[in-house]
Structures are given as structure tokens and as C-alpha cells.
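J.: Below are the C-alpha cells for one structure; questions will follow.
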Amino acid sequence: MEPIAISINDTAKALGVGRSSVYALIKSGGLDAIKIGRRTLLTTESIRRFAQSRTAV
């Protein structure tokens, strides 16, 4: 089963950017974040959508 949400660190690795860039993308609305307690997780759907929107045709 594929995860529904992943951590900030895993998102940064998947996108090839730093943690600060991931937080900036969350703030700008480019990625959807979920707070569970003190953890911030990002939906894999929003990560996929963001990556596809940046793909050159």
C-alpha cells in the first residue's frame, strides 16, 4: 500500500530540494500539509500534482 502522506524530509528527498524549499511550497499553497500532533506530513497526491505541473512538455 502506498503511503497517503510523507514527512518533510522524505518530500525534500523526493523532489530534490531542501527542507526550507518544502516549507516555502507549503506556505505558498503549492503542497498540501497535514498536521498530526507535532508532525507535519505532506500528501503524496499534492506532491505528485506539484511535480507533474513542473514537468516540461
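As shown in the C-alpha cells, the chain order sets the letters A, B, ...; within each chain, residues go from 1, and ligands are also counted from 1 in the order they appear.
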Show which residues sit within 6 Å of Leu42 of chain A, as a PyMOL selection string. Count only C-alpha atoms, and ignore same-chain residues fewer than 5 positions away.

T.: chain A and resi 5-6+32-33

J.: Just asking: which residues within chain A are strand (DSSP E or B) according to DSSP, as JSON, numbers by chain?

T.: {"A": [5, 6, 7, 33, 34, 35, 36, 39, 40, 41, 42, 43]}

J.: Kindly give the distance, in Å, that separates atom CA of Ser21 of chain A and atom CA of Ile36 of chain A, rounded to a single decimal.

T.: 20.8 Å

J.: With only C-alpha atoms as the counted atoms, please give the residues lying no more than 12 Å from Arg54 of chain A, apart from itself and same-chain residues fewer than 5 positions off, as a ChimeraX atom specification.

T.: /A:15,30,47-49

J.: Could you tell me how far atom CA of Gln52 of chain A sits from atom CA of Thr40 of chain A, in Å to one decimal place?

T.: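 Taking atom CA of Thr40 of chain A and atom CA of Gln52 of chain A, their separation equals 22.4 Å.
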
J.: Please return, as a tab-separated table (two decimals) with C-alpha atoms, in the first residue's frame, all residues of chain A that DSSP assigns to alpha helix (DSSP H) on the basis of the backbone.

T.:
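The file below, out_39.tsv, is the result:
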chain	number	residue	atom	x	y	z
A	8	ILE	CA	9.07	16.88	5.21
A	9	ASN	CA	12.44	15.11	4.89
A	10	ASP	CA	11.09	12.43	2.56
A	11	THR	CA	9.34	15.08	0.46
A	12	ALA	CA	12.55	17.08	0.15
A	13	LYS	CA	14.43	13.95	-0.98
A	14	ALA	CA	11.71	13.02	-3.47
A	15	LEU	CA	11.69	16.49	-5.04
A	19	ARG	CA	13.59	21.39	3.72
A	20	SER	CA	13.29	25.19	3.53
A	21	SER	CA	12.01	24.91	-0.03
A	22	VAL	CA	9.39	22.38	1.08
A	23	TYR	CA	8.19	24.73	3.84
A	24	ALA	CA	8.05	27.59	1.31
A	25	LEU	CA	5.95	25.43	-1.03
A	26	ILE	CA	3.56	24.64	1.83
A	27	LYS	CA	3.26	28.34	2.69
A	28	SER	CA	2.61	29.31	-0.94
A	44	THR	CA	1.54	12.22	-1.82
A	45	GLU	CA	-1.24	13.39	-4.13
A	46	SER	CA	-0.18	17.05	-3.78
A	47	ILE	CA	3.50	16.11	-4.29
A	48	ARG	CA	2.62	14.21	-7.46
A	49	ARG	CA	0.41	17.06	-8.69
A	50	PHE	CA	3.19	19.61	-8.00
A	51	ALA	CA	5.82	17.52	-9.82
A	52	GLN	CA	3.55	16.98	-12.84
A	53	SER	CA	2.78	20.69	-13.07
